[in-house]
file coords-v3.pdb (PDB, C-alpha atoms and all ligand atoms)
MODEL        1
ATOM      1  CA  MET W   1      53.186 -14.129  19.196
ATOM      2  CA  PHE W   2      51.200 -13.362  22.347
ATOM      3  CA  ARG W   3      50.757  -9.765  21.221
ATOM      4  CA  ALA W   4      49.663 -10.893  17.760
ATOM      5  CA  SER W   5      46.948 -13.137  19.141
ATOM      6  CA  ILE W   6      45.646 -10.352  21.427
ATOM      7  CA  LEU W   7      45.499  -8.065  18.411
ATOM      8  CA  LEU W   8      43.689 -10.706  16.400
ATOM      9  CA  ALA W   9      41.165 -11.262  19.212
ATOM     10  CA  LEU W  10      40.600  -7.501  19.449
ATOM     11  CA  LEU W  11      40.076  -7.263  15.718
ATOM     12  CA  LEU W  12      37.616 -10.140  15.758
ATOM     13  CA  THR W  13      35.669  -8.543  18.625
ATOM     14  CA  ILE W  14      35.437  -5.236  16.748
ATOM     15  CA  MET W  15      34.338  -6.993  13.558
ATOM     16  CA  THR W  16      31.668  -9.036  15.349
ATOM     17  CA  THR W  17      30.372  -5.994  17.225
ATOM     18  CA  ASN W  18      30.123  -4.069  13.966
ATOM     19  CA  ALA W  19      28.337  -6.937  12.254
ATOM     20  CA  VAL W  20      25.799  -7.115  15.087
ATOM     21  CA  ALA W  21      25.376  -3.344  15.037
ATOM     22  CA  ALA W  22      24.937  -3.373  11.255
ATOM     23  CA  ASP W  23      22.425  -6.185  11.497
ATOM     24  CA  LYS W  24      20.549  -4.378  14.241
ATOM     25  CA  ALA W  25      20.327  -1.272  12.110
ATOM     26  CA  ARG W  26      19.001  -3.199   9.126
ATOM     27  CA  TRP W  27      15.681  -1.932   7.799
ATOM     28  CA  ALA W  28      13.926  -1.866   4.440
ATOM     29  CA  ILE W  29      10.784  -0.375   2.960
ATOM     30  CA  ALA W  30       8.851  -0.621  -0.304
ATOM     31  CA  ILE W  31       5.978   1.585  -1.389
ATOM     32  CA  HIS W  32       3.537   1.629  -4.304
ATOM     33  CA  GLY W  33       1.334   4.235  -5.897
ATOM     34  CA  GLY W  34      -0.893   1.780  -7.731
ATOM     35  CA  ALA W  35      -0.807  -0.619 -10.654
ATOM     36  CA  GLY W  36      -2.248   0.073 -14.085
ATOM     37  CA  GLY W  37      -1.234   2.492 -16.781
ATOM     38  CA  LEU W  38      -0.985   6.249 -16.471
ATOM     39  CA  PRO W  39      -2.940   8.065 -19.209
ATOM     40  CA  HIS W  40      -0.731   9.207 -22.087
ATOM     41  CA  ASP W  41      -2.211  12.698 -21.961
ATOM     42  CA  LEU W  42      -1.297  13.197 -18.299
ATOM     43  CA  PRO W  43       0.387  16.627 -18.092
ATOM     44  CA  ALA W  44       4.093  16.526 -17.254
ATOM     45  CA  ALA W  45       3.488  18.681 -14.184
ATOM     46  CA  GLU W  46       0.996  16.151 -12.796
ATOM     47  CA  LEU W  47       3.462  13.338 -13.432
ATOM     48  CA  GLU W  48       6.060  15.308 -11.523
ATOM     49  CA  ARG W  49       3.636  15.798  -8.598
ATOM     50  CA  ILE W  50       3.066  12.040  -8.515
ATOM     51  CA  ARG W  51       6.799  11.373  -8.478
ATOM     52  CA  GLN W  52       7.246  13.950  -5.725
ATOM     53  CA  ALA W  53       4.489  12.364  -3.630
ATOM     54  CA  LEU W  54       6.205   8.971  -3.838
ATOM     55  CA  GLN W  55       9.601  10.476  -3.034
ATOM     56  CA  ASP W  56       8.218  12.372  -0.039
ATOM     57  CA  ALA W  57       6.440   9.282   1.228
ATOM     58  CA  LEU W  58       9.527   7.097   0.845
ATOM     59  CA  LYS W  59      11.630   9.653   2.698
ATOM     60  CA  VAL W  60       9.198   9.867   5.596
ATOM     61  CA  GLY W  61       9.059   6.064   5.916
ATOM     62  CA  SER W  62      12.842   5.749   5.685
ATOM     63  CA  ASP W  63      13.328   8.443   8.329
ATOM     64  CA  VAL W  64      11.062   6.581  10.757
ATOM     65  CA  LEU W  65      12.953   3.321  10.220
ATOM     66  CA  ARG W  66      16.424   4.879  10.247
ATOM     67  CA  ALA W  67      15.622   6.479  13.598
ATOM     68  CA  GLY W  68      14.765   3.027  14.965
ATOM     69  CA  GLY W  69      10.994   3.493  14.706
ATOM     70  CA  ASN W  70       8.718   0.545  14.139
ATOM     71  CA  SER W  71       7.484  -0.717  10.793
ATOM     72  CA  LEU W  72       3.812  -0.150  11.629
ATOM     73  CA  ASP W  73       4.382   3.571  12.281
ATOM     74  CA  ALA W  74       6.489   3.764   9.119
ATOM     75  CA  VAL W  75       3.870   2.280   6.777
ATOM     76  CA  GLN W  76       1.112   4.397   8.327
ATOM     77  CA  ALA W  77       3.172   7.588   7.890
ATOM     78  CA  VAL W  78       3.970   6.696   4.265
ATOM     79  CA  VAL W  79       0.343   6.063   3.381
ATOM     80  CA  ARG W  80      -0.838   9.234   5.148
ATOM     81  CA  ILE W  81       1.512  11.347   2.987
ATOM     82  CA  MET W  82       0.197   9.755  -0.195
ATOM     83  CA  GLU W  83      -3.444  10.151   0.954
ATOM     84  CA  ASN W  84      -2.806  13.887   1.318
ATOM     85  CA  SER W  85      -1.043  14.284  -2.029
ATOM     86  CA  ARG W  86      -4.198  14.925  -4.141
ATOM     87  CA  VAL W  87      -2.612  13.088  -7.085
ATOM     88  CA  LEU W  88      -3.058   9.453  -6.077
ATOM     89  CA  ASN W  89      -6.107   7.240  -5.682
ATOM     90  CA  ALA W  90      -6.339   7.481  -1.910
ATOM     91  CA  GLY W  91      -7.718  10.059   0.485
ATOM     92  CA  ARG W  92      -7.910  13.457  -1.202
ATOM     93  CA  GLY W  93      -7.806  12.978  -4.984
ATOM     94  CA  ALA W  94      -9.248   9.458  -4.969
ATOM     95  CA  VAL W  95     -11.291   8.163  -7.898
ATOM     96  CA  LEU W  96     -15.051   8.765  -7.946
ATOM     97  CA  ASN W  97     -17.825   6.211  -7.768
ATOM     98  CA  HIS W  98     -20.860   5.944 -10.051
ATOM     99  CA  GLU W  99     -22.624   8.745  -8.176
ATOM    100  CA  GLY W 100     -19.667  11.094  -8.355
ATOM    101  CA  PHE W 101     -18.169  11.017  -4.884
ATOM    102  CA  ALA W 102     -15.205   9.273  -3.282
ATOM    103  CA  GLU W 103     -15.600   6.229  -1.050
ATOM    104  CA  LEU W 104     -12.419   5.213   0.669
ATOM    105  CA  ASP W 105     -10.974   1.943   1.985
ATOM    106  CA  ALA W 106      -7.799   1.341   4.013
ATOM    107  CA  ALA W 107      -6.100  -1.213   6.222
ATOM    108  CA  LEU W 108      -2.903  -1.878   8.084
ATOM    109  CA  MET W 109      -1.472  -4.954   9.762
ATOM    110  CA  ASP W 110       1.194  -5.497  12.381
ATOM    111  CA  GLY W 111       3.293  -8.602  11.661
ATOM    112  CA  ARG W 112       4.271  -8.980  15.324
ATOM    113  CA  ASP W 113       0.910 -10.280  16.462
ATOM    114  CA  ARG W 114      -1.334  -9.948  13.398
ATOM    115  CA  ARG W 115      -3.246  -7.107  14.968
ATOM    116  CA  SER W 116      -5.051  -5.307  12.170
ATOM    117  CA  GLY W 117      -7.260  -2.289  11.601
ATOM    118  CA  ALA W 118      -9.391  -1.601   8.551
ATOM    119  CA  VAL W 119     -12.081   0.774   7.306
ATOM    120  CA  ALA W 120     -14.242   0.771   4.198
ATOM    121  CA  ALA W 121     -16.709   2.923   2.273
ATOM    122  CA  LEU W 122     -15.707   6.133   4.081
ATOM    123  CA  ARG W 123     -16.988   9.390   2.655
ATOM    124  CA  HIS W 124     -15.800  12.005   5.114
ATOM    125  CA  VAL W 125     -12.505  10.949   6.686
ATOM    126  CA  ALA W 126      -9.420  12.745   5.354
ATOM    127  CA  ASN W 127      -6.980  10.007   6.309
ATOM    128  CA  PRO W 128      -8.561   6.542   6.219
ATOM    129  CA  ILE W 129      -5.249   4.956   7.258
ATOM    130  CA  ASP W 130      -5.311   6.885  10.542
ATOM    131  CA  LEU W 131      -8.843   5.671  11.198
ATOM    132  CA  ALA W 132      -7.723   2.103  10.413
ATOM    133  CA  ARG W 133      -4.969   2.527  13.018
ATOM    134  CA  ALA W 134      -7.522   3.850  15.508
ATOM    135  CA  VAL W 135      -9.746   0.817  14.883
ATOM    136  CA  MET W 136      -6.729  -1.368  15.676
ATOM    137  CA  ASP W 137      -5.640   0.578  18.751
ATOM    138  CA  HIS W 138      -8.901   1.816  20.231
ATOM    139  CA  SER W 139     -11.561  -0.751  19.401
ATOM    140  CA  PRO W 140     -11.924  -4.494  19.814
ATOM    141  CA  HIS W 141     -12.702  -4.762  16.080
ATOM    142  CA  VAL W 142     -10.734  -5.240  12.875
ATOM    143  CA  LEU W 143     -13.012  -3.694  10.244
ATOM    144  CA  LEU W 144     -15.520  -0.833  10.460
ATOM    145  CA  VAL W 145     -17.508   0.333   7.428
ATOM    146  CA  GLY W 146     -19.767   3.149   6.252
ATOM    147  CA  ASP W 147     -21.778   5.161   8.778
ATOM    148  CA  GLY W 148     -20.473   3.184  11.746
ATOM    149  CA  ALA W 149     -16.907   3.908  10.713
ATOM    150  CA  GLU W 150     -17.711   7.624  10.275
ATOM    151  CA  GLN W 151     -19.275   7.664  13.732
ATOM    152  CA  PHE W 152     -16.166   6.017  15.172
ATOM    153  CA  ALA W 153     -14.032   8.674  13.446
ATOM    154  CA  GLN W 154     -15.967  11.386  15.229
ATOM    155  CA  GLU W 155     -15.635   9.593  18.548
ATOM    156  CA  GLN W 156     -11.884   9.598  17.885
ATOM    157  CA  GLY W 157     -11.983  13.364  17.317
ATOM    158  CA  MET W 158     -11.332  13.233  13.568
ATOM    159  CA  PRO W 159     -12.931  16.088  11.630
ATOM    160  CA  ARG W 160     -15.755  15.333   9.175
ATOM    161  CA  MET W 161     -14.716  16.536   5.722
ATOM    162  CA  PRO W 162     -17.276  17.525   3.064
ATOM    163  CA  SER W 163     -17.435  15.339  -0.078
ATOM    164  CA  ASP W 164     -15.949  18.158  -2.163
ATOM    165  CA  TYR W 165     -12.755  18.038  -0.136
ATOM    166  CA  PHE W 166     -11.859  14.764  -1.863
ATOM    167  CA  ILE W 167     -12.838  15.646  -5.444
ATOM    168  CA  THR W 168     -10.280  16.905  -7.957
ATOM    169  CA  GLU W 169     -10.899  18.126 -11.496
ATOM    170  CA  ARG W 170      -8.863  15.262 -12.957
ATOM    171  CA  ARG W 171     -11.062  12.690 -11.206
ATOM    172  CA  ARG W 172     -14.263  14.475 -12.262
ATOM    173  CA  LYS W 173     -13.175  14.331 -15.911
ATOM    174  CA  GLU W 174     -12.023  10.728 -15.538
ATOM    175  CA  LEU W 175     -15.478   9.713 -14.289
ATOM    176  CA  GLU W 176     -17.181  11.632 -17.098
ATOM    177  CA  LYS W 177     -15.042   9.812 -19.670
ATOM    178  CA  THR W 178     -15.646   6.447 -18.035
ATOM    179  CA  LEU W 179     -19.417   6.960 -17.912
ATOM    180  CA  GLU W 180     -19.376   7.984 -21.530
ATOM    181  CA  ALA W 181     -17.335   4.936 -22.555
ATOM    182  CA  ALA W 182     -19.164   2.443 -20.408
ATOM    183  CA  LYS W 183     -22.771   3.444 -21.043
ATOM    184  CA  HIS W 184     -23.861   0.418 -19.098
ATOM    185  CA  PRO W 185     -24.612  -0.133 -15.419
ATOM    186  CA  THR W 186     -21.723  -1.000 -13.109
ATOM    187  CA  HIS W 187     -23.270  -4.249 -11.972
ATOM    188  CA  THR W 188     -22.513  -6.054 -15.214
ATOM    189  CA  ALA W 189     -19.788  -8.684 -15.367
ATOM    190  CA  SER W 190     -17.251  -6.219 -16.730
ATOM    191  CA  ILE W 191     -15.685  -4.479 -13.781
ATOM    192  CA  PRO W 192     -14.358  -1.087 -14.779
ATOM    193  CA  TRP W 193     -10.793  -0.806 -13.536
ATOM    194  CA  GLN W 194      -9.111   2.413 -14.443
ATOM    195  CA  PRO W 195      -6.094   2.787 -12.295
ATOM    196  CA  VAL W 196      -3.507   4.173 -11.210
ATOM    197  CA  GLY W 197      -2.982   5.453  -7.713
ATOM    198  CA  THR W 198      -3.938   3.085  -4.922
ATOM    199  CA  VAL W 199      -1.190   3.446  -2.342
ATOM    200  CA  GLY W 200       0.578   1.028  -0.065
ATOM    201  CA  ALA W 201       3.701   0.306   1.926
ATOM    202  CA  VAL W 202       5.475  -2.674   3.468
ATOM    203  CA  ALA W 203       8.394  -2.436   5.856
ATOM    204  CA  LEU W 204      10.889  -4.336   7.976
ATOM    205  CA  ASP W 205      12.196  -2.421  10.987
ATOM    206  CA  SER W 206      15.495  -2.802  12.813
ATOM    207  CA  ALA W 207      13.814  -4.999  15.450
ATOM    208  CA  GLY W 208      12.824  -7.457  12.698
ATOM    209  CA  ASN W 209       9.115  -6.578  12.654
ATOM    210  CA  LEU W 210       7.100  -6.558   9.446
ATOM    211  CA  ALA W 211       4.052  -4.385   8.676
ATOM    212  CA  ALA W 212       1.828  -3.558   5.712
ATOM    213  CA  ALA W 213      -0.636  -0.780   4.881
ATOM    214  CA  THR W 214      -2.868  -0.007   1.889
ATOM    215  CA  SER W 215      -5.311   2.803   1.084
ATOM    216  CA  THR W 216      -7.524   3.380  -1.937
ATOM    217  CA  GLY W 217     -10.544   5.010  -3.478
ATOM    218  CA  GLY W 218     -11.147   1.711  -5.282
ATOM    219  CA  THR W 219     -12.222   1.658  -8.905
ATOM    220  CA  VAL W 220     -13.619   4.481 -11.043
ATOM    221  CA  ASN W 221     -17.384   4.351 -11.517
ATOM    222  CA  LYS W 222     -17.770   1.614  -8.900
ATOM    223  CA  HIS W 223     -21.175   0.950  -7.398
ATOM    224  CA  VAL W 224     -21.881   2.877  -4.209
ATOM    225  CA  GLY W 225     -20.879   0.660  -1.312
ATOM    226  CA  ARG W 226     -18.441  -1.471  -3.299
ATOM    227  CA  VAL W 227     -15.473  -2.562  -1.180
ATOM    228  CA  GLY W 228     -12.218  -3.699  -2.784
ATOM    229  CA  ASP W 229      -9.338  -5.858  -1.615
ATOM    230  CA  SER W 230      -7.285  -3.138   0.077
ATOM    231  CA  PRO W 231      -9.114  -3.133   3.456
ATOM    232  CA  LEU W 232      -9.548  -6.906   3.516
ATOM    233  CA  ILE W 233      -6.851  -8.603   5.558
ATOM    234  CA  GLY W 234      -5.331 -11.409   3.508
ATOM    235  CA  ALA W 235      -6.635 -10.054   0.197
ATOM    236  CA  GLY W 236      -4.965  -6.661  -0.305
ATOM    237  CA  THR W 237      -3.005  -6.293   2.921
ATOM    238  CA  PHE W 238      -1.125  -8.824   5.057
ATOM    239  CA  ALA W 239       1.850  -9.017   7.429
ATOM    240  CA  GLN W 240       3.324 -11.899   9.374
ATOM    241  CA  ASN W 241       6.613 -11.636  11.215
ATOM    242  CA  GLY W 242       9.258 -14.085  10.069
ATOM    243  CA  VAL W 243       7.476 -14.610   6.744
ATOM    244  CA  CYS W 244       6.424 -11.554   4.740
ATOM    245  CA  ALA W 245       4.353  -8.385   4.439
ATOM    246  CA  VAL W 246       2.315  -7.544   1.331
ATOM    247  CA  SER W 247       0.318  -4.618  -0.073
ATOM    248  CA  ALA W 248      -1.565  -5.271  -3.309
ATOM    249  CA  THR W 249      -3.030  -3.124  -6.055
ATOM    250  CA  GLY W 250      -5.111  -3.952  -9.102
ATOM    251  CA  GLN W 251      -8.495  -5.442  -9.885
ATOM    252  CA  GLY W 252      -9.604  -5.909  -6.317
ATOM    253  CA  GLU W 253     -12.292  -8.469  -6.998
ATOM    254  CA  TYR W 254      -9.621 -10.938  -8.138
ATOM    255  CA  PHE W 255      -7.309 -10.190  -5.223
ATOM    256  CA  ILE W 256     -10.250 -10.913  -2.894
ATOM    257  CA  ARG W 257     -11.193 -14.186  -4.575
ATOM    258  CA  TYR W 258      -7.604 -15.430  -4.510
ATOM    259  CA  THR W 259      -6.715 -13.965  -1.067
ATOM    260  CA  ALA W 260      -3.645 -12.765  -2.897
ATOM    261  CA  ALA W 261      -1.679 -11.048  -0.119
ATOM    262  CA  SER W 262      -1.750 -13.914   2.363
ATOM    263  CA  ASP W 263      -1.194 -16.401  -0.461
ATOM    264  CA  VAL W 264       2.256 -14.900  -1.067
ATOM    265  CA  CYS W 265       3.175 -15.493   2.582
ATOM    266  CA  ALA W 266       1.636 -18.984   2.617
ATOM    267  CA  ARG W 267       3.800 -20.043  -0.326
ATOM    268  CA  ILE W 268       6.882 -18.885   1.573
ATOM    269  CA  GLN W 269       5.815 -20.444   4.861
ATOM    270  CA  TYR W 270       4.509 -23.795   3.654
ATOM    271  CA  GLN W 271       6.230 -24.324   0.330
ATOM    272  CA  HIS W 272       9.524 -22.691   1.308
ATOM    273  CA  LYS W 273       9.541 -20.587  -1.833
ATOM    274  CA  SER W 274      11.593 -17.431  -2.117
ATOM    275  CA  LEU W 275       9.764 -14.115  -1.804
ATOM    276  CA  GLU W 276      10.446 -13.364  -5.452
ATOM    277  CA  THR W 277       8.995 -16.698  -6.628
ATOM    278  CA  ALA W 278       5.967 -16.581  -4.328
ATOM    279  CA  ALA W 279       5.080 -13.015  -5.283
ATOM    280  CA  ARG W 280       5.575 -13.620  -8.995
ATOM    281  CA  GLU W 281       3.490 -16.805  -8.966
ATOM    282  CA  VAL W 282       0.524 -15.109  -7.293
ATOM    283  CA  ILE W 283       0.503 -12.247  -9.797
ATOM    284  CA  THR W 284       0.895 -14.658 -12.730
ATOM    285  CA  GLU W 285      -1.956 -16.895 -11.550
ATOM    286  CA  LEU W 286      -4.207 -13.886 -10.994
ATOM    287  CA  LYS W 287      -3.465 -12.669 -14.498
ATOM    288  CA  ALA W 288      -4.301 -16.108 -15.909
ATOM    289  CA  ALA W 289      -7.631 -15.912 -14.069
ATOM    290  CA  GLY W 290      -8.313 -12.515 -15.679
ATOM    291  CA  GLY W 291      -7.151 -10.143 -12.942
ATOM    292  CA  GLU W 292      -4.491  -7.535 -13.542
ATOM    293  CA  GLY W 293      -2.403  -5.769 -10.965
ATOM    294  CA  GLY W 294       0.670  -5.978  -8.824
ATOM    295  CA  LEU W 295       1.946  -6.078  -5.302
ATOM    296  CA  ILE W 296       4.865  -5.093  -3.155
ATOM    297  CA  ALA W 297       6.241  -7.644  -0.712
ATOM    298  CA  ILE W 298       9.071  -7.811   1.785
ATOM    299  CA  ASP W 299      10.411 -10.782   3.717
ATOM    300  CA  ALA W 300      12.065 -11.202   7.100
ATOM    301  CA  ASN W 301      15.511 -10.512   5.580
ATOM    302  CA  GLY W 302      14.410  -7.264   4.016
ATOM    303  CA  THR W 303      14.335  -8.716   0.497
ATOM    304  CA  ILE W 304      11.809  -6.862  -1.660
ATOM    305  CA  ALA W 305       9.711  -8.084  -4.606
ATOM    306  CA  MET W 306       7.436  -5.872  -6.708
ATOM    307  CA  PRO W 307       5.870  -7.947  -9.510
ATOM    308  CA  HIS W 308       3.052  -6.565 -11.641
ATOM    309  CA  SER W 309       1.103  -7.777 -14.640
ATOM    310  CA  SER W 310      -0.295  -4.343 -15.457
ATOM    311  CA  ALA W 311       1.381  -1.948 -17.882
ATOM    312  CA  THR W 312       3.077  -0.286 -14.962
ATOM    313  CA  MET W 313       3.119   0.032 -11.200
ATOM    314  CA  LEU W 314       4.316   3.183  -9.485
ATOM    315  CA  ARG W 315       6.773   2.089  -6.856
ATOM    316  CA  GLY W 316       9.762   2.847  -4.716
ATOM    317  CA  GLN W 317      12.113   1.248  -2.258
ATOM    318  CA  ALA W 318      14.869   2.077   0.187
ATOM    319  CA  SER W 319      16.828   0.255   2.853
ATOM    320  CA  SER W 320      19.673   0.645   5.291
ATOM    321  CA  SER W 321      22.014  -0.526   2.523
ATOM    322  CA  GLN W 322      20.318   0.894  -0.614
ATOM    323  CA  PRO W 323      19.615   4.523  -1.551
ATOM    324  CA  PRO W 324      15.966   5.447  -2.222
ATOM    325  CA  GLU W 325      14.675   4.641  -5.701
ATOM    326  CA  VAL W 326      11.286   5.649  -7.152
ATOM    327  CA  VAL W 327       9.897   4.364 -10.463
ATOM    328  CA  VAL W 328       7.167   6.404 -12.168
ATOM    329  CA  GLU W 329       6.875   5.376 -15.796
ATOM    330  CA  VAL W 330       4.277   6.030 -18.462
ATOM    331  CA  PRO W 331       4.267   2.898 -20.603
ATOM    332  CA  GLN W 332       4.508   3.432 -24.364
TER     333      GLN W 332
HETATM  334  N1  LIG P 401      -7.253  -2.772  -5.643
HETATM  335  C1  LIG P 401      -8.015  -1.552  -5.622
HETATM  336  C2  LIG P 401      -9.479  -1.928  -5.476
HETATM  337  O1  LIG P 401      -9.923  -2.822  -6.177
HETATM  338  C3  LIG P 401      -7.835  -0.714  -6.844
HETATM  339  C4  LIG P 401      -6.419  -0.508  -7.307
HETATM  340  O2  LIG P 401      -5.489  -0.992  -6.708
HETATM  341  O3  LIG P 401      -6.227   0.183  -8.323
HETATM  342  O4  LIG P 401     -10.172  -1.309  -4.729
ENDMDL
END
call {"tool": "encode", "arguments": {"input": "coords-v3.pdb", "output": "C-alpha cells", "more": "lines below"}}
Ligand code: ASP
result
Amino acid sequence: MFRASILLALLLTIMTTNAVAADKARWAIAIHGGAGGLPHDLPAAELERIRQALQDALKVGSDVLRAGGNSLDAVQAVVRIMENSRVLNAGRGAVLNHEGFAELDAALMDGRDRRSGAVAALRHVANPIDLARAVMDHSPHVLLVGDGAEQFAQEQGMPRMPSDYFITERRRKELEKTLEAAKHPTHTASIPWQPVGTVGAVALDSAGNLAAATSTGGTVNKHVGRVGDSPLIGAGTFAQNGVCAVSATGQGEYFIRYTAASDVCARIQYQHKSLETAAREVITELKAAGGEGGLIAIDANGTIAMPHSSATMLRGQASSSQPPEVVVEVPQ
C-alpha cells in the first residue's frame, strides 16, 4: 500500500513536470503573403517560388521559436526572408507606384511593452523591417518616413540600394497593365488595389510573449508618398501580451479608417470574444464598408485565426504541436 502510494506520487510528479515543460515549450506562429487574388496567368514556376518563400519564412520563424527565441525576433526574421524573395509585395519585388518605382512601408510591435518601430515611403532600403526594428531599438521614435527614414538607415550603416534593385519584370508589366486599365489619375475615389504579396507574421513564444510584423510595397499605381495601413500601429500591425497580435493585408485605406488590427484585440479584451469571432467580425465589417482583405491573428494561448474576405490570402502556420502548413491557392 505504502509502496503503491509512493509510486503514484512519483508518477504524478513526472506527469506534472512534463506538463509544465510542455507548456513552457509551447509556441505558435502564423504568416501571410498577402490577401487578394493571384492572376490566373501566373506561371507555375512563379507560383512555386511564392510557395517556397512562404515555406522558407515559416521554417525560419519556427526555428527561432523552437530554440526558445523571442517572438519579436521570429516575426522580424520571417518578414526579412519574404522581403528578399523577389516574388512578394515587400522589399525586393514590391509593387510599383504611379511613377514606376517601389515605395516601402513596414512595422513591428512587441506585445510585452507595446514598443513599436515603423518606417514608410522608403525607396532605398533593402529590408524595411530591419529599419523598423532599428527605429524601435535605436531611436526614441515609433515612425520615420521618407528622406528622414533613409537618412536614419544610413546612420545605422544600412546600404543605400538603387531603385532598380527593387524592380522586377512582373511588377513592371503589372503597372503597365494597371495604367492602361485605369486611364485616370490615382487621386480619384477608386483606389486601385491589385494584390497579392504584402507580408506579415504574428507569433507567440515559449515565454508567452506576442509580436507582430508587416511589410509591404502598398498598392499598385499608388500616388507617390501614399502610406498604407501596414506601418501604422493599430491599423495594419498590433501586438498586446495577454490579448492578441495581428498583421493585416488588403485595402489599406479601410484598415486605417477602422483601426482594424487593434480592433481585433479590443473585442477580445473588452467584449471577451474569442480570437476567431473577433477577427472574423472585423473582416466582415470592413467588407461591408467596402474594404477587402484579411488578417492573421494569434492569441495568448497560441490559437490562430486567418479570416479573409478577398478571393484568397497566402498564408501559413506552425506551432509546437502542429506541423507547418502553407496555403497558396489560385482561386478559380
Ligand atoms: N495593406 C496594404 C496597403 O494598403 C496592401 C496589401 O496588403 O495588399 O498598403
call {"tool": "closest_residue", "arguments": {"input": "coords-v3.pdb", "among": "W:Val95, W:Val326, W:Ala35, W:Ala288", "to": "W:Glu48", "atoms": "all atoms listed in the file"}}
result
W:Val326
call {"tool": "closest_residue", "arguments": {"input": "coords-v3.pdb", "among": "W:Asp63, W:Asp130, W:Asp137, W:Glu253", "to": "ligand LIG 401 (chain P)", "atoms": "all atoms listed in the file"}}
result
W:Glu253
call {"tool": "residues_around", "arguments": {"input": "coords-v3.pdb", "residues": "W:Val135", "least_positions_apart": "6", "cutoff": "12 Å", "atoms": "all atoms listed in the file", "output": "list in words"}}
result
Ala106, Ala107, Leu108, Met109, Arg115, Ser116, Gly117, Ala118, Val119, Ala120, Pro128, Ile129, His141, Val142, Leu143, Leu144, Val145, Gly148, Ala149, Glu150, Gln151, Phe152, Ala153, Glu155 and Gln156 of chain W
call {"tool": "write_last_selection", "arguments": {"input": "coords-v3.pdb", "atoms": "C-alpha atoms", "output": "mmCIF file, in the frame of the given file"}}
result
data_model
loop_
_atom_site.group_PDB
_atom_site.id
_atom_site.type_symbol
_atom_site.label_atom_id
_atom_site.label_comp_id
_atom_site.auth_asym_id
_atom_site.auth_seq_id
_atom_site.Cartn_x
_atom_site.Cartn_y
_atom_site.Cartn_z
ATOM 1 C CA ALA W 106 -7.799 1.341 4.013
ATOM 2 C CA ALA W 107 -6.100 -1.213 6.222
ATOM 3 C CA LEU W 108 -2.903 -1.878 8.084
ATOM 4 C CA MET W 109 -1.472 -4.954 9.762
ATOM 5 C CA ARG W 115 -3.246 -7.107 14.968
ATOM 6 C CA SER W 116 -5.051 -5.307 12.170
ATOM 7 C CA GLY W 117 -7.260 -2.289 11.601
ATOM 8 C CA ALA W 118 -9.391 -1.601 8.551
ATOM 9 C CA VAL W 119 -12.081 0.774 7.306
ATOM 10 C CA ALA W 120 -14.242 0.771 4.198
ATOM 11 C CA PRO W 128 -8.561 6.542 6.219
ATOM 12 C CA ILE W 129 -5.249 4.956 7.258
ATOM 13 C CA HIS W 141 -12.702 -4.762 16.080
ATOM 14 C CA VAL W 142 -10.734 -5.240 12.875
ATOM 15 C CA LEU W 143 -13.012 -3.694 10.244
ATOM 16 C CA LEU W 144 -15.520 -0.833 10.460
ATOM 17 C CA VAL W 145 -17.508 0.333 7.428
ATOM 18 C CA GLY W 148 -20.473 3.184 11.746
ATOM 19 C CA ALA W 149 -16.907 3.908 10.713
ATOM 20 C CA GLU W 150 -17.711 7.624 10.275
ATOM 21 C CA GLN W 151 -19.275 7.664 13.732
ATOM 22 C CA PHE W 152 -16.166 6.017 15.172
ATOM 23 C CA ALA W 153 -14.032 8.674 13.446
ATOM 24 C CA GLU W 155 -15.635 9.593 18.548
ATOM 25 C CA GLN W 156 -11.884 9.598 17.885
#
call {"tool": "closest_residue", "arguments": {"input": "coords-v3.pdb", "among": "W:Gly111, W:Gly290, W:Gly36, W:Pro162", "to": "ligand LIG 401 (chain P)", "atoms": "only C-alpha atoms and all ligand atoms"}}
result
W:Gly36
call {"tool": "closest_residue", "arguments": {"input": "coords-v3.pdb", "among": "W:Val328, W:Val64, W:Glu292, W:Asn221", "to": "W:Glu174", "atoms": "all atoms listed in the file"}}
result
W:Asn221
call {"tool": "atom_distance", "arguments": {"input": "coords-v3.pdb", "atom1": "atom CA of W:Lys173", "atom2": "atom CA of W:Gly100"}}
result
10.5 Å
call {"tool": "closest_atom_pairs", "arguments": {"input": "coords-v3.pdb", "of": "chain W", "to": "ligand LIG 401 (chain P)", "cutoff": "6 Å", "atoms": "all atoms listed in the file", "output": "Markdown table"}}
result
| residue | atom | partner | partner_atom | distance |
| --- | --- | --- | --- | --- |
| W:Gly34 | CA | P:LIG401 | O2 | 5.5 |
| W:Ala35 | CA | P:LIG401 | O3 | 6.0 |
| W:Pro195 | CA | P:LIG401 | O3 | 4.8 |
| W:Val196 | CA | P:LIG401 | O3 | 5.6 |
| W:Thr198 | CA | P:LIG401 | O2 | 4.7 |
| W:Gly218 | CA | P:LIG401 | O4 | 3.2 |
| W:Thr219 | CA | P:LIG401 | C3 | 5.4 |
| W:Gly228 | CA | P:LIG401 | O4 | 3.7 |
| W:Asp229 | CA | P:LIG401 | N1 | 5.5 |
| W:Ser230 | CA | P:LIG401 | N1 | 5.7 |
| W:Thr249 | CA | P:LIG401 | O2 | 3.3 |
| W:Gly250 | CA | P:LIG401 | O2 | 3.8 |
| W:Gln251 | CA | P:LIG401 | O1 | 4.8 |
| W:Gly252 | CA | P:LIG401 | O1 | 3.1 |
call {"tool": "closest_residue", "arguments": {"input": "coords-v3.pdb", "among": "W:Ile29, W:Met158, W:Ala67, W:Val199", "to": "W:Met82", "atoms": "all atoms listed in the file"}}
result
W:Val199
call {"tool": "resolve_selection", "arguments": {"input": "coords-v3.pdb", "expression": "the PyMOL selection byres (((chain W and resi 300) around 6) and not hetatm)", "output": "PDB file with C-alpha atoms, keeping the file's coordinate frame"}}
result
ATOM      1  CA  GLY W 242       9.258 -14.085  10.069  1.00  0.00           C
ATOM      2  CA  VAL W 243       7.476 -14.610   6.744  1.00  0.00           C
ATOM      3  CA  ASP W 299      10.411 -10.782   3.717  1.00  0.00           C
ATOM      4  CA  ASN W 301      15.511 -10.512   5.580  1.00  0.00           C
ATOM      5  CA  GLY W 302      14.410  -7.264   4.016  1.00  0.00           C
TER       6      GLY W 302
END
call {"tool": "resolve_selection", "arguments": {"input": "coords-v3.pdb", "expression": "the PyMOL selection byres (((chain W and resi 255-260) around 12) and not hetatm)", "output": "ChimeraX atom specification"}}
result
/W:227-238,245-254,261-267,278-297
